[in-house]
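Below you'll find the structure, written out as structure tokens, and then a few comments.
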Amino acid sequence: MLEARNLSVNYGMIRAVREISFTIAKGELVSLLGANGAGKSTTLKCIAGALKAGGGSIMLDGRDITSASPEQVVRAGLATVPETRDVFPDLTVAENLMLGAYIHRRDRAGNRENLERVHHLFPRLAERGGQAAGTLSGGEQQMLVIARALMSRPAVLLLDEPSLGLAPAIVDRIFEMIETLKRTGLTILLVEQNVNQALAVADRAYVLRLGKIVTSGTADEVRAATDLTEHYLGG
Amino acid sequence: MTFAIQFSIDVLSLGGAYALMALGLVIIYGILRLVNFAYGELIMVAGYSMYLTSGSGMPWIAMAVVAVAMAIVFGILTDYVAFRPVRAKSVTAVLITSFAFSNLLQNAALLFISPRPRNVPLPDIFSQTVNVAGVITPVRNLVTIAASVVLLAAVAFLMRKTTLGIAMRAAATNFTMARMLGVPANLIISSAFALSGFLAGVVGILWIGRIGTVVPGIGLEPLLVAFIATVIGGMRSLPGAVVGGFLLAFIDTTLNYTLSQDLLKFRDAFTFGLVILILLWRPEGLIKGPASGQRT
């Protein structure tokens with residue numbers, strides 16, 4: 001479904017990602033793990049079209065999306081939830097969700113149906129439809145960003161650190177939702193620092209260190225094969 | 001009582017024009033974080049377009065529509081000539097290209113038309129006066145008030161109720177995220193320039209209607225007014241621009257009424273003095289824009 005081949009990304013003068021390759025099959029949940037600065041978010045931004053690739057290629061469902069614009073990537077069926085939890089703060093929750101469906105704006109009936117599904121998944125957002133998104137709590141904003149991404153009806157969802165800065169109880173809720181999304185058949189690439197929880201929901205995982213993939217395999221293999229704390233503490 | 005009515009009409013008509021000017025400038029700034037210094041020339045374009053079509057025998061309203069259309073065309077042209085080629089490179093580059101484009105248009109007017117004022121056709125209604133509750137006032141002022149009410153309402157509707165408007169507001173807070181949702185960057189920017197040109201065109205006709213003539217440098221004052229109004233109101237907030245426009249008009253009108261003849265020459269000095277005080281009190285402007293915002 002999604003495949004990166006020898007992908008490199010430069011961040012200014014720094015080569016943040018060095019020739020990494022990974023694949024994600026349809027319906028799979030793959031996790032990208034690693035410490036701060038390992039290149040996880042850079043990889044995601046590059047796939048989403050927000051950063052240009054320095055080399056290599058990205059294929060989505062057999063189509064080359066290397067260095068496509070962000071607009072083209074979402075139209076190709078890949079939605080991104082950035083780690084910065086970018087709601088549009090002065091727009092209402094309903095307006096945020098409406099913009100999520102921007103590429104389908106002519107299909108009103110389909111959007112209404114999709115909105116109902118999203119509201120069913122996140123009842124809180126239905127209650128707060130008229131509220132400015134900036135006034136939501138951190139957890140609610142995270143739900144809104146995920147819900148907004150779903151409004152574009154993606155085939156692949158990129159999730160960047162959905163648990164970042166949230167209270168443990170909320171983090172559990174977010175991971176429950178990720179599992180629910182996975183059961184709907186959505187293909188998900190999950191970037192996380194929260195290793196245990198990420199491995200608990202993931203089918204497979206890749207561990208990044210200093211821009212290179214150092215370990216990969218099923219969730220159990222990755223857990224067994226490496227002392228993850230080593231990668232996180234940089235040992 | 002008559003004084004109060006007179007004063008209100010003056011503030012509202014001047015403020016309406018100022019608010020529209022400021023809105024046209026802040027729409028671009030909000031999205032691109034760049035001031036379009038060629039904005040005043042859009043008003044000039046509207047003026048010369050009226051002058052050039054004046055011999056054609058078209059009804060006045062048709063000439064006005066052509067003038068507004070020309071302002072829109074030149075607004076979009078500003079994007080293609082001055083902004084798009086260097087937009088991703090650096091802020092300084094765009095600053096210079098927009099100044100250059102402004103100069104280019106002014107000099108084209110000097111060269112191909114004339115440095116001297118040219119008459120702009122105005123309908124009779126612009127020179128008539130009317131009695132409002134005992135106050136004799138030019139109909140022009142009432143037309144300006146009506147036009148600004150209609151246009152401000154239309155812009156508010158566009159920005160709040162239409163997909164394009166909501167996408168523009170989203171792009172103003174976080175352009176990259178808006179693009180990641182599939183909102184095309186170029187469409188949003190071109191729409192902003194078109195809307196800016198439209199406002200400049202309408203305000204240009206109303207502005208020139210006060211004087212009756214157009215000169216190559218006519219855009220400087222509106223640009224300055226728009227810039228100051230947006231600075232007072234808050235550079236990134238559309239309601240702020242409107243509030244700033246009316247506040248600036250209020251200050252100007254009050255000074256017109258209260259300053260003695262000798263001091264009136266220095267009215268702008270008093271105005272800017274007050275603007276400095278407002279900015280000392282509220283450095284970010286009266287209304288803060290949306291919290292985040294990265295330049296693209």
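We name chains A, B, ... following the order of the structure tokens; residues begin at 1 in each chain, and ligands are numbered from 1 as shown.
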Excluding stretch 99-108 of chain A and residues on its chain fewer than 3 positions from it, collect all residues at most 12 Å away from it, counting only C-alpha atoms, and give them as a ChimeraX atom specification. /A:71-81,87-88,91-96,111-115,118,144-154 /B:162-171,177-184
Mind dumping the selected residues with C-alpha atoms as an mmCIF file, in the first residue's frame?
```
data_model
loop_
_atom_site.group_PDB
_atom_site.id
_atom_site.type_symbol
_atom_site.label_atom_id
_atom_site.label_comp_id
_atom_site.auth_asym_id
_atom_site.auth_seq_id
_atom_site.Cartn_x
_atom_site.Cartn_y
_atom_site.Cartn_z
ATOM 1 C CA GLU A 71 -2.523 18.832 -1.847
ATOM 2 C CA GLN A 72 -1.687 16.037 -4.271
ATOM 3 C CA VAL A 73 -0.785 13.591 -1.506
ATOM 4 C CA VAL A 74 -4.125 13.962 0.291
ATOM 5 C CA ARG A 75 -5.950 13.631 -3.024
ATOM 6 C CA ALA A 76 -4.038 10.404 -3.631
ATOM 7 C CA GLY A 77 -5.650 9.033 -0.458
ATOM 8 C CA LEU A 78 -3.128 9.660 2.299
ATOM 9 C CA ALA A 79 -4.113 11.806 5.294
ATOM 10 C CA THR A 80 -1.678 13.154 7.875
ATOM 11 C CA VAL A 81 -2.123 13.970 11.560
ATOM 12 C CA VAL A 87 -6.405 22.420 14.683
ATOM 13 C CA PHE A 88 -7.448 25.763 13.202
ATOM 14 C CA LEU A 91 -12.529 27.992 13.376
ATOM 15 C CA THR A 92 -15.320 25.981 14.993
ATOM 16 C CA VAL A 93 -15.090 22.224 15.389
ATOM 17 C CA ALA A 94 -17.680 21.816 12.621
ATOM 18 C CA GLU A 95 -15.710 24.096 10.290
ATOM 19 C CA ASN A 96 -12.518 22.152 10.995
ATOM 20 C CA ASN A 111 -19.770 13.977 3.685
ATOM 21 C CA ARG A 112 -22.874 13.957 5.841
ATOM 22 C CA GLU A 113 -22.655 10.182 6.103
ATOM 23 C CA ASN A 114 -18.952 10.344 6.873
ATOM 24 C CA LEU A 115 -19.533 13.066 9.465
ATOM 25 C CA VAL A 118 -16.877 10.337 12.699
ATOM 26 C CA LEU A 144 -10.496 16.589 16.257
ATOM 27 C CA VAL A 145 -7.297 16.379 14.217
ATOM 28 C CA ILE A 146 -7.742 12.631 13.742
ATOM 29 C CA ALA A 147 -11.438 13.075 12.926
ATOM 30 C CA ARG A 148 -10.584 15.828 10.441
ATOM 31 C CA ALA A 149 -8.076 13.563 8.729
ATOM 32 C CA LEU A 150 -10.725 10.841 8.479
ATOM 33 C CA MET A 151 -13.095 13.268 6.750
ATOM 34 C CA SER A 152 -10.823 13.118 3.693
ATOM 35 C CA ARG A 153 -11.679 9.369 3.470
ATOM 36 C CA PRO A 154 -8.052 8.255 3.377
ATOM 37 C CA THR B 162 -18.541 29.607 2.167
ATOM 38 C CA THR B 163 -16.030 26.788 1.832
ATOM 39 C CA LEU B 164 -13.596 29.107 0.056
ATOM 40 C CA GLY B 165 -13.808 31.682 2.852
ATOM 41 C CA ILE B 166 -13.357 29.113 5.614
ATOM 42 C CA ALA B 167 -10.418 27.634 3.702
ATOM 43 C CA MET B 168 -8.913 31.137 3.448
ATOM 44 C CA ARG B 169 -9.276 31.647 7.201
ATOM 45 C CA ALA B 170 -7.699 28.252 7.811
ATOM 46 C CA ALA B 171 -4.840 29.082 5.453
ATOM 47 C CA MET B 177 -1.928 22.205 7.476
ATOM 48 C CA ALA B 178 -4.569 23.614 5.138
ATOM 49 C CA ARG B 179 -2.590 22.235 2.198
ATOM 50 C CA MET B 180 -2.339 18.863 3.923
ATOM 51 C CA LEU B 181 -6.144 18.791 3.871
ATOM 52 C CA GLY B 182 -6.096 19.336 0.120
ATOM 53 C CA VAL B 183 -6.754 23.087 0.031
ATOM 54 C CA PRO B 184 -4.767 24.240 -3.033
#
```
Which neighbours of stretch 36-49 of chain A fall inside 10 Å, counting only C-alpha atoms, when residues of the same chain fewer than 5 positions from it are skipped, and could you give them as a VMD selection string? (chain A and resid 2 to 4 7 to 11 15 to 18 20 54 57 to 60 65 to 74 78 to 83 158 to 161 189 to 193 207 to 213 231 to 234) or (chain B and resid 176 179 to 180)
Quick one: everything within 12 Å of B:Ser196, counting only C-alpha atoms, minus sequence neighbours fewer than 2 positions away in the same chain. Send it as a compact mmCIF listing (two decimals) with N, CA and C atoms, in the first residue's frame.
```
# COMPACT_ATOMS: atom_id res chain seq x y z
N LEU B 20 -12.63 49.43 4.30
CA LEU B 20 -12.51 48.62 3.08
C LEU B 20 -11.06 48.57 2.59
N MET B 21 -10.38 49.72 2.67
CA MET B 21 -8.97 49.75 2.27
C MET B 21 -8.15 48.80 3.12
N ALA B 22 -8.38 48.88 4.44
CA ALA B 22 -7.60 48.07 5.37
C ALA B 22 -7.88 46.58 5.16
N LEU B 23 -9.13 46.27 4.90
CA LEU B 23 -9.52 44.87 4.69
C LEU B 23 -8.79 44.29 3.48
N GLY B 24 -8.71 45.08 2.42
CA GLY B 24 -8.03 44.61 1.21
C GLY B 24 -6.56 44.30 1.45
N LEU B 25 -5.95 45.06 2.35
CA LEU B 25 -4.52 44.85 2.65
C LEU B 25 -4.32 43.66 3.58
N VAL B 26 -5.21 43.53 4.57
CA VAL B 26 -5.01 42.54 5.62
C VAL B 26 -5.36 41.13 5.12
N ILE B 27 -6.19 41.04 4.11
CA ILE B 27 -6.53 39.73 3.55
C ILE B 27 -5.28 39.06 2.99
N ILE B 28 -4.44 39.85 2.32
CA ILE B 28 -3.19 39.31 1.79
C ILE B 28 -2.22 39.04 2.94
N TYR B 29 -2.11 40.01 3.86
CA TYR B 29 -1.16 39.85 4.94
C TYR B 29 -1.48 38.63 5.79
N GLY B 30 -2.77 38.43 6.07
CA GLY B 30 -3.18 37.32 6.91
C GLY B 30 -2.71 35.98 6.36
N ILE B 31 -2.79 35.82 5.05
CA ILE B 31 -2.46 34.53 4.45
C ILE B 31 -0.97 34.41 4.18
N VAL B 35 3.19 42.24 3.28
CA VAL B 35 2.43 43.44 2.95
C VAL B 35 2.56 43.67 1.45
N ASN B 36 1.43 43.88 0.79
CA ASN B 36 1.46 44.17 -0.63
C ASN B 36 1.59 45.67 -0.83
N ALA B 38 2.11 47.23 -3.44
CA ALA B 38 1.53 47.69 -4.71
C ALA B 38 0.01 47.83 -4.57
N TYR B 39 -0.49 47.77 -3.33
CA TYR B 39 -1.94 47.82 -3.11
C TYR B 39 -2.54 49.15 -3.54
N GLY B 40 -1.86 50.26 -3.22
CA GLY B 40 -2.37 51.58 -3.57
C GLY B 40 -2.54 51.74 -5.08
N GLU B 41 -1.68 51.08 -5.84
CA GLU B 41 -1.74 51.22 -7.30
C GLU B 41 -3.00 50.58 -7.88
N LEU B 42 -3.60 49.65 -7.12
CA LEU B 42 -4.86 49.07 -7.60
C LEU B 42 -5.93 50.15 -7.64
N ILE B 43 -5.88 51.06 -6.68
CA ILE B 43 -6.81 52.18 -6.65
C ILE B 43 -6.54 53.11 -7.84
N VAL B 68 -13.59 48.22 -11.59
CA VAL B 68 -13.41 47.23 -10.53
C VAL B 68 -12.78 45.96 -11.11
N ALA B 69 -13.25 45.57 -12.30
CA ALA B 69 -12.70 44.37 -12.94
C ALA B 69 -11.21 44.55 -13.21
N ALA B 71 -9.15 46.45 -11.53
CA ALA B 71 -8.45 46.37 -10.25
C ALA B 71 -8.26 44.91 -9.85
N ILE B 72 -9.27 44.07 -10.09
CA ILE B 72 -9.16 42.64 -9.77
C ILE B 72 -8.06 42.01 -10.63
N VAL B 73 -8.08 42.33 -11.94
CA VAL B 73 -7.08 41.77 -12.85
C VAL B 73 -5.67 42.16 -12.39
N PHE B 74 -5.49 43.43 -12.05
CA PHE B 74 -4.16 43.87 -11.61
C PHE B 74 -3.80 43.30 -10.24
N GLY B 75 -4.81 43.05 -9.40
CA GLY B 75 -4.55 42.38 -8.13
C GLY B 75 -3.96 41.01 -8.36
N ILE B 76 -4.60 40.23 -9.24
CA ILE B 76 -4.12 38.88 -9.54
C ILE B 76 -2.75 38.97 -10.23
N LEU B 77 -2.60 39.99 -11.07
CA LEU B 77 -1.32 40.20 -11.76
C LEU B 77 -0.20 40.45 -10.74
N THR B 78 -0.51 41.21 -9.68
CA THR B 78 0.48 41.45 -8.63
C THR B 78 1.02 40.14 -8.10
N ASP B 79 0.09 39.19 -7.88
CA ASP B 79 0.51 37.89 -7.38
C ASP B 79 1.47 37.23 -8.35
N VAL B 155 -18.25 40.43 2.66
CA VAL B 155 -16.98 39.80 3.01
C VAL B 155 -17.16 38.90 4.23
N ILE B 189 -4.37 31.80 -2.60
CA ILE B 189 -3.63 33.05 -2.74
C ILE B 189 -4.22 33.90 -3.85
N SER B 190 -4.54 33.29 -4.98
CA SER B 190 -5.14 34.06 -6.06
C SER B 190 -6.49 34.64 -5.64
N SER B 191 -7.27 33.85 -4.89
CA SER B 191 -8.57 34.37 -4.43
C SER B 191 -8.36 35.57 -3.53
N ALA B 192 -7.35 35.49 -2.65
CA ALA B 192 -7.08 36.60 -1.75
C ALA B 192 -6.71 37.85 -2.54
N PHE B 193 -5.87 37.69 -3.57
CA PHE B 193 -5.49 38.84 -4.38
C PHE B 193 -6.69 39.39 -5.16
N ALA B 194 -7.55 38.50 -5.64
CA ALA B 194 -8.73 38.94 -6.38
C ALA B 194 -9.66 39.74 -5.46
N PHE B 198 -10.71 43.57 -5.71
CA PHE B 198 -12.12 43.97 -5.75
C PHE B 198 -12.39 45.10 -4.75
N LEU B 199 -11.89 44.93 -3.51
CA LEU B 199 -12.10 45.97 -2.50
C LEU B 199 -11.41 47.26 -2.91
N ALA B 200 -10.17 47.12 -3.45
CA ALA B 200 -9.44 48.32 -3.87
C ALA B 200 -10.19 49.03 -4.99
N GLY B 201 -10.77 48.27 -5.90
CA GLY B 201 -11.51 48.86 -7.02
C GLY B 201 -12.69 49.67 -6.53
N VAL B 202 -13.50 49.07 -5.66
CA VAL B 202 -14.69 49.76 -5.17
C VAL B 202 -14.30 50.98 -4.36
N VAL B 203 -13.33 50.79 -3.45
CA VAL B 203 -12.93 51.89 -2.60
C VAL B 203 -12.26 52.98 -3.45
N GLY B 204 -11.59 52.55 -4.53
CA GLY B 204 -10.95 53.51 -5.43
C GLY B 204 -11.98 54.45 -6.05
N ALA B 226 -4.54 52.35 4.96
CA ALA B 226 -4.84 50.93 5.16
C ALA B 226 -3.81 50.31 6.09
```
DSSP helix (DSSP H, G or I) selection over stretch 35-203 of chain A, as a ChimeraX atom specification: /A:40-48,70-75,93-100,102-104,108-121,123-127,133-135,138-150,168-183,195-201
Just the selected residues (C-alpha atoms), exported as a compact mmCIF listing (two decimals), in the first residue's frame, please.
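Writing the result to out28.txt gives the following:
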```
# COMPACT_ATOMS: atom_id res chain seq x y z
CA LYS A 40 10.56 9.81 12.55
CA SER A 41 8.60 13.03 12.10
CA THR A 42 10.86 14.10 9.23
CA THR A 43 10.01 10.86 7.43
CA LEU A 44 6.32 11.47 7.97
CA LYS A 45 6.48 15.08 6.81
CA CYS A 46 8.26 13.96 3.68
CA ILE A 47 5.60 11.35 2.89
CA ALA A 48 2.89 13.99 3.50
CA PRO A 70 0.67 18.21 0.16
CA GLU A 71 -2.52 18.83 -1.85
CA GLN A 72 -1.69 16.04 -4.27
CA VAL A 73 -0.79 13.59 -1.51
CA VAL A 74 -4.12 13.96 0.29
CA ARG A 75 -5.95 13.63 -3.02
CA VAL A 93 -15.09 22.22 15.39
CA ALA A 94 -17.68 21.82 12.62
CA GLU A 95 -15.71 24.10 10.29
CA ASN A 96 -12.52 22.15 11.00
CA LEU A 97 -14.28 18.91 10.08
CA MET A 98 -15.77 20.52 7.00
CA LEU A 99 -12.31 21.49 5.78
CA GLY A 100 -11.18 17.91 6.36
CA TYR A 102 -12.37 19.76 1.33
CA ILE A 103 -11.33 17.39 -1.46
CA HIS A 104 -14.84 15.86 -1.44
CA ARG A 108 -22.43 16.62 0.29
CA ALA A 109 -24.41 13.44 0.93
CA GLY A 110 -21.23 11.41 1.31
CA ASN A 111 -19.77 13.98 3.68
CA ARG A 112 -22.87 13.96 5.84
CA GLU A 113 -22.65 10.18 6.10
CA ASN A 114 -18.95 10.34 6.87
CA LEU A 115 -19.53 13.07 9.46
CA GLU A 116 -22.05 10.83 11.22
CA ARG A 117 -19.53 8.01 11.31
CA VAL A 118 -16.88 10.34 12.70
CA HIS A 119 -19.30 11.73 15.29
CA HIS A 120 -20.16 8.17 16.28
CA LEU A 121 -16.45 7.51 16.81
CA PRO A 123 -19.17 11.78 20.39
CA ARG A 124 -17.46 14.70 22.12
CA LEU A 125 -16.92 16.43 18.79
CA ALA A 126 -20.63 16.22 17.98
CA GLU A 127 -21.44 17.95 21.27
CA ALA A 133 -11.43 24.53 18.17
CA GLY A 134 -8.85 26.52 20.13
CA THR A 135 -10.99 26.22 23.28
CA GLY A 138 -5.58 18.80 24.40
CA GLY A 139 -7.20 15.38 24.15
CA GLU A 140 -10.24 16.77 22.35
CA GLN A 141 -7.99 18.64 19.93
CA GLN A 142 -6.15 15.41 19.19
CA MET A 143 -9.49 13.71 18.50
CA LEU A 144 -10.50 16.59 16.26
CA VAL A 145 -7.30 16.38 14.22
CA ILE A 146 -7.74 12.63 13.74
CA ALA A 147 -11.44 13.07 12.93
CA ARG A 148 -10.58 15.83 10.44
CA ALA A 149 -8.08 13.56 8.73
CA LEU A 150 -10.73 10.84 8.48
CA PRO A 168 -2.25 8.89 30.70
CA ALA A 169 -6.01 8.31 30.83
CA ILE A 170 -6.49 10.25 27.60
CA VAL A 171 -3.56 8.40 25.99
CA ASP A 172 -5.36 5.11 26.69
CA ARG A 173 -8.48 6.47 25.01
CA ILE A 174 -6.49 7.58 21.97
CA PHE A 175 -4.90 4.13 21.61
CA GLU A 176 -8.33 2.50 21.94
CA MET A 177 -9.46 4.68 19.05
CA ILE A 178 -6.45 3.72 16.99
CA GLU A 179 -7.39 0.07 17.49
CA THR A 180 -10.95 0.81 16.46
CA LEU A 181 -9.70 2.55 13.32
CA LYS A 182 -7.49 -0.41 12.55
CA ARG A 183 -10.46 -2.76 12.76
CA VAL A 195 7.03 2.26 22.75
CA ASN A 196 5.01 -0.18 24.81
CA GLN A 197 1.65 1.17 23.81
CA ALA A 198 2.68 1.51 20.18
CA LEU A 199 3.91 -2.09 20.05
CA ALA A 200 0.71 -3.26 21.73
CA VAL A 201 -1.41 -2.06 18.78
```
Selected residue of minimal separation from chain A among B:Ala17, B:Leu195, B:Ile9, B:Ala185, counting only C-alpha atoms: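 Counting only C-alpha atoms, the residue closest to chain A is B:Ala185.
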Interatomic distance between atom CA of B:Ser114 and atom CA of B:Met44? 12.7 Å
Point-to-point distance in Å for atom CA of B:Thr144 and atom CA of B:Gly234: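 Here the two named atoms are 24.0 Å from each other.
Of note, atom CA of B:Ser56 and atom CA of B:Ser102 are spaced 27.7 Å apart.
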Please provide the set of residues having any atom within 6 Å of stretch 28-30 of chain A, restricted to only C-alpha atoms, with same-chain residues fewer than 5 positions apart removed, written as an mmCIF file with N, CA and C atoms, in the first residue's frame.
```
data_model
loop_
_atom_site.group_PDB
_atom_site.id
_atom_site.type_symbol
_atom_site.label_atom_id
_atom_site.label_comp_id
_atom_site.auth_asym_id
_atom_site.auth_seq_id
_atom_site.Cartn_x
_atom_site.Cartn_y
_atom_site.Cartn_z
ATOM 1 N N THR A 187 -5.322 1.504 6.742
ATOM 2 C CA THR A 187 -3.876 1.287 6.818
ATOM 3 C C THR A 187 -3.265 2.447 7.611
ATOM 4 N N ILE A 188 -2.482 2.141 8.628
ATOM 5 C CA ILE A 188 -1.992 3.216 9.512
ATOM 6 C C ILE A 188 -0.475 3.131 9.702
ATOM 7 N N LEU A 189 0.174 4.283 9.586
ATOM 8 C CA LEU A 189 1.583 4.395 9.971
ATOM 9 C C LEU A 189 1.625 5.266 11.225
ATOM 10 N N ALA A 202 0.508 -2.334 17.268
ATOM 11 C CA ALA A 202 1.103 -2.455 15.932
ATOM 12 C C ALA A 202 1.213 -3.907 15.484
ATOM 13 N N ASP A 203 1.112 -4.132 14.161
ATOM 14 C CA ASP A 203 1.408 -5.444 13.595
ATOM 15 C C ASP A 203 2.914 -5.601 13.464
ATOM 16 N N ARG A 204 3.534 -4.561 12.902
ATOM 17 C CA ARG A 204 4.980 -4.596 12.721
ATOM 18 C C ARG A 204 5.552 -3.249 13.141
ATOM 19 N N ALA A 205 6.871 -3.214 13.291
ATOM 20 C CA ALA A 205 7.495 -1.951 13.694
ATOM 21 C C ALA A 205 8.876 -1.810 13.074
#
```
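Counting only C-alpha atoms, the residue from A:Ala132, A:Ala25, A:Leu166, A:Ile14 that sits nearest to chain B is A:Ala132.
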